[in-house]
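Notes for the one structure printed next.
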Amino acid sequence: SATVQPLAEMTAVAGNRATATVPVLTMGSEPVGSLSYVVTIDGRPQQEAVCTLEQPVDELGRLIGMTVDYDVPAAAEEYMLGIAVTKVNGEPLPPAEEQQAMLLALSHEPLKRTVMEEFTGTWCLNCVRGFAGIALLEQQFGDRFIAIAMHSDDPALDRDPMVVDHYRNSTFYKDKISVLGGLPSCTIDRWIDGDPYCGYQTTGSFQTDRLVAEALARRATADLQLTATWTDDSQTAIRYDVETAFAYSSADAHYRLILVLTADGLKGEGARWRQTNGYDDYSGPDEALLQYAGRGRYLTDMEYDHVAVDIVGVNDGIEGSITSPLVADAPQHYTLTTAVGGNTLIQDKQRLNAIAMLIDTRDGSVVNAATSRVVTSAAVATVPHAAGVSQQPLYDLQGRVAGTKAKSPLRKRCINIFNTH
């Protein structure tokens, strides 16, 4: 015997033939060589099909992956998908209750980008491997990989000059660091946690590319575009214009945006700016780490990139940034202006990057992301917005409302490894 186990939400392109790998638990005493199954879409059964295993499984209580093929409806909407095993080795089973999950039929496959939030510090002995890891990931994945270096320290010690208090004090960071245990560490799309260089390990060779590849394999449900511009000649405020176009229709918009500002090339003088180097005596095979060997315990010539200098919506996203209903391929526009005139971490206004993360509020994971250099308004084309004016908050550096500005009134976790690819 065998039964389908609980399923996670699935995504597939509408009108296509899709393949999923779903978890099945073996329950009988005979070896399992093949599984027959039936897929239903909103209660309508498709033709029974067979999955033949590469090797028969002769183990009671073994969790195996059953490959399932099914036809995706043509309309880009939400559906209830059900799967049940009907036969084992061609022998019929007693009728079993199917396992169900939501199926999102997408109009197309959005371009997926992934975000690493790296937790680091100048005082951290081994954090230089995080710098090496990010450089390798940028080489390998190009603009599909976005890095955010979130500097942290014990407030009583104050050893790092690049700490952003409302990022470090956020529930998001505290929850993550309680699981990860310390620095260096990272979270990728806020659902894959590990080391920025060693992946799922804490020592050894470079393996974090496997984590990024795993995140990129998770299909995005929306396209995301971002433009970031200075609002005035004095460059004291930044306007974020985000366009989100979902690839399916739904009455429920369980999504929000998070906006982050990062800076490249940060540097300074004094003990707080020097980077502790735990790889001074490194003699291993990794060329990326050998660059720190023989340079002393402290690096005094560091320039820090990807440094988070501001964030809005750090924990649960910005309320109202995505609104119901979702209409397939109909863009939503969201605009937010942040005041940055008093931000002492901004050293070079030509080297600022804006990042938008679209999160699923049900589990906090990042669905997709986009990034943009912060430029003058004359350097970019005008971003379209609907006519009409309503009031939108102007935020300060801590994400607190500091005033209002005009805006367009446009309407706006368990991650299962057995997901549709």
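The chains in the structure tokens are called A, B, ... from first to last as shown; in each chain the residues are counted from 1, and the ligands are counted from 1 in the order shown.
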Task: Residue list (alpha helix (DSSP H), DSSP) for stretch 13-214 of chain A, as an MDAnalysis selection string - done: chainID A and resid 128:141 165:168 171:180 208:214
Task: Neighbour list for A:Tyr304 as an MDAnalysis selection string, cut-off 9 Å, only C-alpha atoms, skip fewer than 6 positions in-chain - done: chainID A and resid 131 149 263:267
Open item on the list: Quick check for you: according to DSSP on this backbone, which residues of stretch 194-384 of chain A are classed as strand (DSSP E)? Reply as JSON, numbers by chain.
Closed with: {"A": [194, 222, 223, 224, 225, 226, 227, 228, 229, 230, 237, 238, 239, 240, 241, 242, 243, 244, 245, 246, 255, 256, 257, 258, 259, 260, 261, 262, 263, 275, 276, 298, 299, 307, 308, 309, 310, 311, 312, 332, 333, 334, 335, 336, 337, 338, 339, 352, 353, 354, 355, 356, 357, 358, 359, 360, 366, 367, 368, 369, 370, 371, 372, 373, 374, 375, 376]}
TODO: Within 10 Å of stretch 313-326 of chain A, counting only C-alpha atoms, which residues show up once you throw out same-chain ones fewer than 6 positions away? Write them as a ChimeraX atom specification, please.
DONE: /A:77,166-168,170-173,242,244-260,332-336,357-364,398-399,410-412
Open item on the list: My list of candidates is A:Val128, A:Ala356, A:Ala84, A:Leu63. Which is closest to A:Ile311 when distances are computed with only C-alpha atoms?
Closed with: A:Ala356
